[in-house]
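work.cif, holding mmCIF, C-alpha atoms:
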```
data_run
#
loop_
_atom_site.group_PDB
_atom_site.id
_atom_site.type_symbol
_atom_site.label_atom_id
_atom_site.label_comp_id
_atom_site.auth_asym_id
_atom_site.auth_seq_id
_atom_site.Cartn_x
_atom_site.Cartn_y
_atom_site.Cartn_z
ATOM 1 C CA MET A 22 13.138 -14.540 -1.920
ATOM 2 C CA SER A 23 16.057 -12.292 -1.095
ATOM 3 C CA HIS A 24 15.128 -8.632 -1.409
ATOM 4 C CA PRO A 25 17.356 -5.819 -0.114
ATOM 5 C CA ASN A 26 14.411 -3.847 1.328
ATOM 6 C CA LYS A 27 12.672 -6.742 3.017
ATOM 7 C CA LYS A 28 14.353 -6.213 6.396
ATOM 8 C CA ARG A 29 14.930 -2.461 6.269
ATOM 9 C CA LEU A 30 14.329 -0.317 9.347
ATOM 10 C CA ARG A 31 10.765 0.986 9.571
ATOM 11 C CA ARG A 32 10.422 3.191 12.653
ATOM 12 C CA SER A 33 8.329 5.951 11.165
ATOM 13 C CA MET A 34 5.847 6.223 8.322
ATOM 14 C CA MET A 35 4.336 9.417 6.958
ATOM 15 C CA PHE A 36 0.889 9.136 5.328
ATOM 16 C CA LEU A 37 0.309 11.253 2.211
ATOM 17 C CA ASN A 38 -2.799 11.741 0.093
ATOM 18 C CA CYS A 39 -2.035 11.093 -3.599
ATOM 19 C CA GLN A 40 -4.977 13.302 -4.515
ATOM 20 C CA LYS A 41 -2.863 16.328 -3.493
ATOM 21 C CA PRO A 42 0.371 16.496 -5.521
ATOM 22 C CA GLY A 43 1.760 19.256 -3.300
ATOM 23 C CA LEU A 44 1.781 16.864 -0.352
ATOM 24 C CA ILE A 45 3.711 14.081 -2.062
ATOM 25 C CA LYS A 46 6.533 16.054 -3.646
ATOM 26 C CA ASP A 47 8.952 16.533 -0.749
ATOM 27 C CA PRO A 48 8.138 14.519 2.417
ATOM 28 C CA TYR A 49 11.721 13.216 2.515
ATOM 29 C CA ILE A 50 12.740 16.504 4.203
ATOM 30 C CA TYR A 51 11.155 15.136 7.410
ATOM 31 C CA LYS A 52 13.352 12.014 7.172
ATOM 32 C CA PRO A 53 10.728 9.297 7.717
ATOM 33 C CA ASP A 54 11.799 5.706 7.146
ATOM 34 C CA SER A 55 8.764 5.186 4.898
ATOM 35 C CA ILE A 56 6.054 7.188 3.242
ATOM 36 C CA MET A 57 2.563 5.824 2.688
ATOM 37 C CA LEU A 58 1.194 7.191 -0.557
ATOM 38 C CA ASP A 59 -2.539 6.747 -0.119
ATOM 39 C CA LEU A 60 -4.907 5.850 -2.947
ATOM 40 C CA GLU A 61 -7.584 4.495 -0.615
ATOM 41 C CA ASP A 62 -9.601 6.323 2.058
ATOM 42 C CA ALA A 63 -7.862 9.704 1.729
ATOM 43 C CA VAL A 64 -8.842 9.984 -1.946
ATOM 44 C CA ALA A 65 -12.351 11.026 -2.976
ATOM 45 C CA GLU A 66 -14.163 8.491 -5.143
ATOM 46 C CA ASN A 67 -14.261 10.850 -8.133
ATOM 47 C CA GLN A 68 -10.512 11.553 -7.832
ATOM 48 C CA LYS A 69 -9.122 7.984 -7.966
ATOM 49 C CA ASP A 70 -7.820 8.301 -11.555
ATOM 50 C CA ALA A 71 -6.221 11.694 -10.896
ATOM 51 C CA ALA A 72 -4.565 10.334 -7.737
ATOM 52 C CA ARG A 73 -3.107 7.377 -9.670
ATOM 53 C CA TYR A 74 -1.773 9.776 -12.317
ATOM 54 C CA SER A 75 -0.176 11.898 -9.604
ATOM 55 C CA LEU A 76 1.266 8.805 -7.911
ATOM 56 C CA TYR A 77 2.812 7.444 -11.101
ATOM 57 C CA HIS A 78 4.558 10.708 -11.889
ATOM 58 C CA ALA A 79 5.768 11.108 -8.298
ATOM 59 C CA LEU A 80 7.248 7.593 -8.294
ATOM 60 C CA GLN A 81 8.945 8.227 -11.635
ATOM 61 C CA GLU A 82 10.157 11.796 -11.157
ATOM 62 C CA ILE A 83 10.778 12.524 -7.465
ATOM 63 C CA ASP A 84 13.977 11.474 -5.725
ATOM 64 C CA TYR A 85 12.716 10.444 -2.296
ATOM 65 C CA ARG A 86 16.327 10.060 -1.134
ATOM 66 C CA GLY A 87 16.133 6.492 0.115
ATOM 67 C CA VAL A 88 12.748 6.792 1.825
ATOM 68 C CA GLU A 89 10.703 3.630 1.273
ATOM 69 C CA ARG A 90 7.689 4.281 -0.965
ATOM 70 C CA VAL A 91 4.663 2.285 0.181
ATOM 71 C CA VAL A 92 1.341 2.687 -1.626
ATOM 72 C CA ARG A 93 -1.956 1.908 0.080
ATOM 73 C CA ILE A 94 -4.235 0.548 -2.630
ATOM 74 C CA ASN A 95 -8.008 0.385 -2.575
ATOM 75 C CA GLY A 96 -9.658 -2.695 -1.102
ATOM 76 C CA LEU A 97 -10.329 -5.819 -3.115
ATOM 77 C CA ASP A 98 -14.034 -5.104 -2.702
ATOM 78 C CA THR A 99 -13.717 -2.018 -4.944
ATOM 79 C CA PRO A 100 -13.327 -1.627 -8.713
ATOM 80 C CA HIS A 101 -10.064 0.309 -8.221
ATOM 81 C CA TRP A 102 -7.473 -2.107 -6.844
ATOM 82 C CA LYS A 103 -6.351 -3.759 -10.095
ATOM 83 C CA GLU A 104 -5.471 -0.447 -11.751
ATOM 84 C CA ASP A 105 -3.877 0.704 -8.466
ATOM 85 C CA ILE A 106 -1.528 -2.292 -8.645
ATOM 86 C CA ARG A 107 -0.626 -1.650 -12.292
ATOM 87 C CA VAL A 108 0.253 1.981 -11.544
ATOM 88 C CA CYS A 109 2.254 1.057 -8.430
ATOM 89 C CA VAL A 110 4.338 -1.495 -10.310
ATOM 90 C CA ALA A 111 4.720 0.636 -13.451
ATOM 91 C CA GLY A 112 5.873 3.550 -11.312
ATOM 92 C CA GLY A 113 8.270 1.435 -9.276
ATOM 93 C CA ALA A 114 6.708 1.521 -5.797
ATOM 94 C CA ASP A 115 8.744 -0.359 -3.214
ATOM 95 C CA THR A 116 5.777 -1.866 -1.384
ATOM 96 C CA ILE A 117 2.014 -2.182 -1.827
ATOM 97 C CA ARG A 118 -0.157 -2.114 1.280
ATOM 98 C CA ILE A 119 -3.248 -4.266 0.825
ATOM 99 C CA ALA A 120 -6.261 -2.625 2.450
ATOM 100 C CA LYS A 121 -8.803 -4.667 4.392
ATOM 101 C CA THR A 122 -6.874 -7.947 4.225
ATOM 102 C CA GLU A 123 -8.899 -10.761 5.733
ATOM 103 C CA THR A 124 -7.359 -13.978 4.413
ATOM 104 C CA ALA A 125 -4.219 -15.419 2.889
ATOM 105 C CA GLN A 126 -6.188 -15.640 -0.362
ATOM 106 C CA ASP A 127 -6.421 -11.827 -0.409
ATOM 107 C CA VAL A 128 -2.617 -11.686 -0.359
ATOM 108 C CA HIS A 129 -2.350 -14.393 -3.042
ATOM 109 C CA THR A 130 -4.806 -12.506 -5.266
ATOM 110 C CA VAL A 131 -2.809 -9.272 -5.017
ATOM 111 C CA GLU A 132 0.466 -11.146 -5.473
ATOM 112 C CA GLU A 133 -0.793 -12.691 -8.743
ATOM 113 C CA HIS A 134 -1.705 -9.254 -10.087
ATOM 114 C CA VAL A 135 1.605 -7.763 -8.948
ATOM 115 C CA LEU A 136 3.519 -10.524 -10.740
ATOM 116 C CA ALA A 137 1.492 -9.955 -13.916
ATOM 117 C CA ALA A 138 2.206 -6.206 -13.710
ATOM 118 C CA GLU A 139 5.933 -6.812 -13.116
ATOM 119 C CA ARG A 140 5.985 -8.887 -16.294
ATOM 120 C CA GLU A 141 3.884 -6.339 -18.212
ATOM 121 C CA PHE A 142 6.103 -3.403 -17.267
ATOM 122 C CA GLY A 143 9.465 -5.185 -17.377
ATOM 123 C CA ARG A 144 10.107 -4.950 -13.636
ATOM 124 C CA PRO A 145 12.160 -7.673 -11.974
ATOM 125 C CA GLU A 146 9.901 -10.420 -10.627
ATOM 126 C CA GLY A 147 9.674 -10.110 -6.860
ATOM 127 C CA SER A 148 10.762 -6.463 -6.827
ATOM 128 C CA THR A 149 7.450 -5.202 -5.418
ATOM 129 C CA LEU A 150 6.940 -6.100 -1.773
ATOM 130 C CA LEU A 151 3.609 -6.392 0.064
ATOM 131 C CA MET A 152 2.194 -5.308 3.421
ATOM 132 C CA ALA A 153 -1.201 -6.470 4.666
ATOM 133 C CA ALA A 154 -3.544 -4.200 6.621
ATOM 134 C CA LEU A 155 -5.758 -6.150 8.999
ATOM 135 C CA GLU A 156 -8.853 -4.012 9.509
ATOM 136 C CA SER A 157 -11.515 -6.460 10.673
ATOM 137 C CA CYS A 158 -12.083 -9.145 13.256
ATOM 138 C CA LYS A 159 -11.830 -11.760 10.511
ATOM 139 C CA GLY A 160 -8.447 -10.368 9.462
ATOM 140 C CA VAL A 161 -7.140 -10.495 13.037
ATOM 141 C CA LEU A 162 -8.395 -14.067 13.479
ATOM 142 C CA ASN A 163 -6.541 -15.035 10.281
ATOM 143 C CA ALA A 164 -3.378 -13.049 11.093
ATOM 144 C CA LEU A 165 -1.032 -16.055 11.272
ATOM 145 C CA GLU A 166 -2.307 -17.432 7.955
ATOM 146 C CA VAL A 167 -1.909 -13.978 6.368
ATOM 147 C CA CYS A 168 1.631 -13.607 7.746
ATOM 148 C CA LYS A 169 2.694 -16.924 6.221
ATOM 149 C CA SER A 170 0.986 -16.327 2.869
ATOM 150 C CA SER A 171 3.782 -14.791 0.768
ATOM 151 C CA ASP A 172 7.538 -14.328 0.638
ATOM 152 C CA ARG A 173 6.843 -10.781 -0.584
ATOM 153 C CA LEU A 174 5.082 -9.871 2.670
ATOM 154 C CA ILE A 175 7.175 -7.555 4.846
ATOM 155 C CA GLY A 176 4.640 -7.148 7.629
ATOM 156 C CA ILE A 177 1.118 -6.461 8.714
ATOM 157 C CA ALA A 178 -0.568 -3.329 9.992
ATOM 158 C CA LEU A 179 -3.505 -3.190 12.359
ATOM 159 C CA SER A 180 -6.063 -0.486 11.625
ATOM 160 C CA GLY A 181 -7.648 0.666 14.860
ATOM 161 C CA GLY A 182 -10.365 2.810 13.294
ATOM 162 C CA ASP A 183 -11.792 0.217 10.922
ATOM 163 C CA TYR A 184 -11.320 -2.551 13.491
ATOM 164 C CA THR A 185 -13.304 -0.534 16.037
ATOM 165 C CA LYS A 186 -16.107 -0.065 13.483
ATOM 166 C CA ASP A 187 -16.090 -3.814 12.789
ATOM 167 C CA LEU A 188 -16.522 -4.458 16.510
ATOM 168 C CA GLN A 189 -19.425 -1.964 16.478
ATOM 169 C CA THR A 190 -17.924 -0.094 19.415
ATOM 170 C CA VAL A 191 -16.667 3.387 20.253
ATOM 171 C CA ILE A 192 -13.141 4.534 21.102
ATOM 172 C CA THR A 193 -13.451 6.016 24.607
ATOM 173 C CA GLY A 194 -13.210 9.789 24.738
ATOM 174 C CA THR A 195 -13.461 10.385 20.988
ATOM 175 C CA GLY A 196 -17.132 9.889 20.241
ATOM 176 C CA VAL A 197 -16.055 7.870 17.185
#
```
Rewrite the structure of this file - the entire thing - as structure tokens.
Amino acid sequence: MSHPNKKRLRRSMMFLNCQKPGLIKDPYIYKPDSIMLDLEDAVAENQKDAARYSLYHALQEIDYRGVERVVRINGLDTPHWKEDIRVCVAGGADTIRIAKTETAQDVHTVEEHVLAAEREFGRPEGSTLLMAALESCKGVLNALEVCKSSDRLIGIALSGGDYTKDLQTVITGTGV
């Protein structure tokens, strides 16, 4: 797959909570390479629908001036991820970050739903890229398999906080 954004420069990424519309309206002024519009951990459970609504309108209405728009969806172990994908694709997100990726099958599952949403909303097939967040020991052990799982995959991210919890350890000096 040849996608113009697949090899773009990604030096900085600003994380933004979709639950708070004021935070997602003008982050481009800081000139990050990417913004991470978060539907997952930053959003309260009872605010998931409102955050998706806010995300959709931001993707449709705000000119982010060339900043890559990545959306962190809820994990596949939640009831939210399928609707997250539909809203991301309908809104025109550049990339979807898959939370808590543990296997290549996780990537394949998301990819199938992204393709279905691209067809549903008339988006070009392959236009939505993927990033996998490895947040567990199992995910790290399967990193090579995950990396090879899809032509849509632009990279992986390692989540120190969740990984530390999975190891049942504490980050020195933080008490966490």
Next on the checklist: Taking (3.0, -5.2, 6.4) as a centre in this file's frame and 9 Å as the limit, can you find every polymer residue with an atom that close, using all atoms listed in the file, and give them as a ChimeraX atom specification?
Outcome noted: /A:116-119,151-154,168,174-178
Next on the checklist: Nearest residue to Ala114 (chain A) out of A:Phe142, A:Leu150, A:Gly87, A:Thr99, using only C-alpha atoms?
Outcome noted: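 That would be A:Leu150, the residue with the smallest distance to Ala114 (chain A).
Residue nearest Arg93 (chain A) within the list A:His24, A:His78, A:Lys121, A:Arg140: A:Lys121 [criterion: smallest interatomic distance, all atoms listed in the file].
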Next on the checklist: Under the rule that all atoms listed in the file are counted, which of A:Glu66, A:Glu133, A:Glu139, A:Asp84 is the nearest residue to Pro100 (chain A)?
Outcome noted: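 Of all the options, A:Glu66 lies closest to Pro100 (chain A).
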Item to check | Nearest-residue call for Glu166 (chain A), choices A:Leu179, A:Ala125, A:Val135, A:Ala111, using all atoms listed in the file | outcome: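 Closest to Glu166 (chain A) of all the choices is A:Ala125.
Interatomic distance, CA of Met35 (chain A) against CA of Ala71 (chain A): 20.9 Å.
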Specify the axis-aligned box that encloses all atoms of region 104-107 of chain A listed in the file after padding of 6 Å on each side, stating its centre and edge lengths in Å to one decimal as lines of an AutoDock Vina configuration file.
```
center_x = -3.0
center_y = -0.8
center_z = -10.4
size_x = 16.8
size_y = 15.0
size_z = 15.8
```
So that I can see what lies close to Ala138 (chain A), please list as a PDB file with C-alpha atoms, keeping the file's coordinate frame the residues with an atom at most 10 Å from it, counting only C-alpha atoms and leaving out residues fewer than 6 positions away in the same chain.
```
ATOM      1  CA  LYS A 103      -6.351  -3.759 -10.095  1.00  0.00           C
ATOM      2  CA  GLU A 104      -5.471  -0.447 -11.751  1.00  0.00           C
ATOM      3  CA  ILE A 106      -1.528  -2.292  -8.645  1.00  0.00           C
ATOM      4  CA  ARG A 107      -0.626  -1.650 -12.292  1.00  0.00           C
ATOM      5  CA  VAL A 108       0.253   1.981 -11.544  1.00  0.00           C
ATOM      6  CA  CYS A 109       2.254   1.057  -8.430  1.00  0.00           C
ATOM      7  CA  VAL A 110       4.338  -1.495 -10.310  1.00  0.00           C
ATOM      8  CA  ALA A 111       4.720   0.636 -13.451  1.00  0.00           C
ATOM      9  CA  GLU A 132       0.466 -11.146  -5.473  1.00  0.00           C
ATOM     10  CA  ARG A 144      10.107  -4.950 -13.636  1.00  0.00           C
ATOM     11  CA  GLU A 146       9.901 -10.420 -10.627  1.00  0.00           C
ATOM     12  CA  THR A 149       7.450  -5.202  -5.418  1.00  0.00           C
TER      13      THR A 149
END
```
Would you fill the gaps in region 142-166 of chain A so it has N, CA and C atoms, then print it as a short mmCIF file (atom, residue, chain, number, x, y, z; two decimals), in the frame of the given file?
```cif
data_model
loop_
_atom_site.label_atom_id
_atom_site.label_comp_id
_atom_site.auth_asym_id
_atom_site.auth_seq_id
_atom_site.Cartn_x
_atom_site.Cartn_y
_atom_site.Cartn_z
N PHE A 142 5.33 -4.63 -17.24
CA PHE A 142 6.10 -3.40 -17.27
C PHE A 142 7.62 -3.63 -17.20
N GLY A 143 8.04 -4.90 -17.33
CA GLY A 143 9.46 -5.18 -17.38
C GLY A 143 10.20 -4.96 -16.06
N ARG A 144 9.49 -5.06 -14.97
CA ARG A 144 10.11 -4.95 -13.64
C ARG A 144 10.61 -6.32 -13.22
N PRO A 145 11.69 -6.37 -12.45
CA PRO A 145 12.16 -7.67 -11.97
C PRO A 145 11.09 -8.38 -11.13
N GLU A 146 10.88 -9.66 -11.40
CA GLU A 146 9.90 -10.42 -10.63
C GLU A 146 10.33 -10.46 -9.16
N GLY A 147 9.39 -10.13 -8.29
CA GLY A 147 9.67 -10.11 -6.86
C GLY A 147 10.15 -8.76 -6.36
N SER A 148 10.24 -7.77 -7.24
CA SER A 148 10.76 -6.46 -6.83
C SER A 148 9.76 -5.62 -6.05
N THR A 149 8.48 -5.94 -6.13
CA THR A 149 7.45 -5.20 -5.42
C THR A 149 7.04 -6.00 -4.19
N LEU A 150 7.27 -5.43 -3.02
CA LEU A 150 6.94 -6.10 -1.77
C LEU A 150 5.49 -5.81 -1.38
N LEU A 151 5.00 -6.55 -0.39
CA LEU A 151 3.61 -6.39 0.06
C LEU A 151 3.55 -6.20 1.58
N MET A 152 2.54 -5.47 2.01
CA MET A 152 2.19 -5.31 3.42
C MET A 152 0.68 -5.51 3.50
N ALA A 153 0.23 -6.21 4.52
CA ALA A 153 -1.20 -6.47 4.67
C ALA A 153 -1.76 -5.65 5.82
N ALA A 154 -2.85 -4.94 5.57
CA ALA A 154 -3.54 -4.20 6.62
C ALA A 154 -4.71 -5.03 7.12
N LEU A 155 -4.68 -5.39 8.38
CA LEU A 155 -5.76 -6.15 9.00
C LEU A 155 -6.71 -5.14 9.63
N GLU A 156 -7.93 -5.06 9.10
CA GLU A 156 -8.85 -4.01 9.51
C GLU A 156 -10.20 -4.56 9.98
N SER A 157 -10.25 -5.86 10.23
CA SER A 157 -11.52 -6.46 10.67
C SER A 157 -11.21 -7.59 11.65
N CYS A 158 -12.24 -8.01 12.34
CA CYS A 158 -12.08 -9.14 13.26
C CYS A 158 -11.63 -10.39 12.49
N LYS A 159 -12.21 -10.60 11.32
CA LYS A 159 -11.83 -11.76 10.51
C LYS A 159 -10.35 -11.69 10.15
N GLY A 160 -9.86 -10.52 9.79
CA GLY A 160 -8.45 -10.37 9.46
C GLY A 160 -7.55 -10.69 10.64
N VAL A 161 -7.94 -10.22 11.83
CA VAL A 161 -7.14 -10.50 13.04
C VAL A 161 -7.15 -11.99 13.34
N LEU A 162 -8.31 -12.63 13.22
CA LEU A 162 -8.40 -14.07 13.48
C LEU A 162 -7.54 -14.88 12.50
N ASN A 163 -7.34 -14.35 11.30
CA ASN A 163 -6.54 -15.04 10.28
C ASN A 163 -5.12 -14.48 10.17
N ALA A 164 -4.67 -13.74 11.17
CA ALA A 164 -3.38 -13.05 11.09
C ALA A 164 -2.21 -14.00 10.81
N LEU A 165 -2.14 -15.13 11.48
CA LEU A 165 -1.03 -16.06 11.27
C LEU A 165 -1.02 -16.58 9.84
N GLU A 166 -2.17 -16.95 9.34
CA GLU A 166 -2.31 -17.43 7.96
C GLU A 166 -1.88 -16.34 6.97
#
```
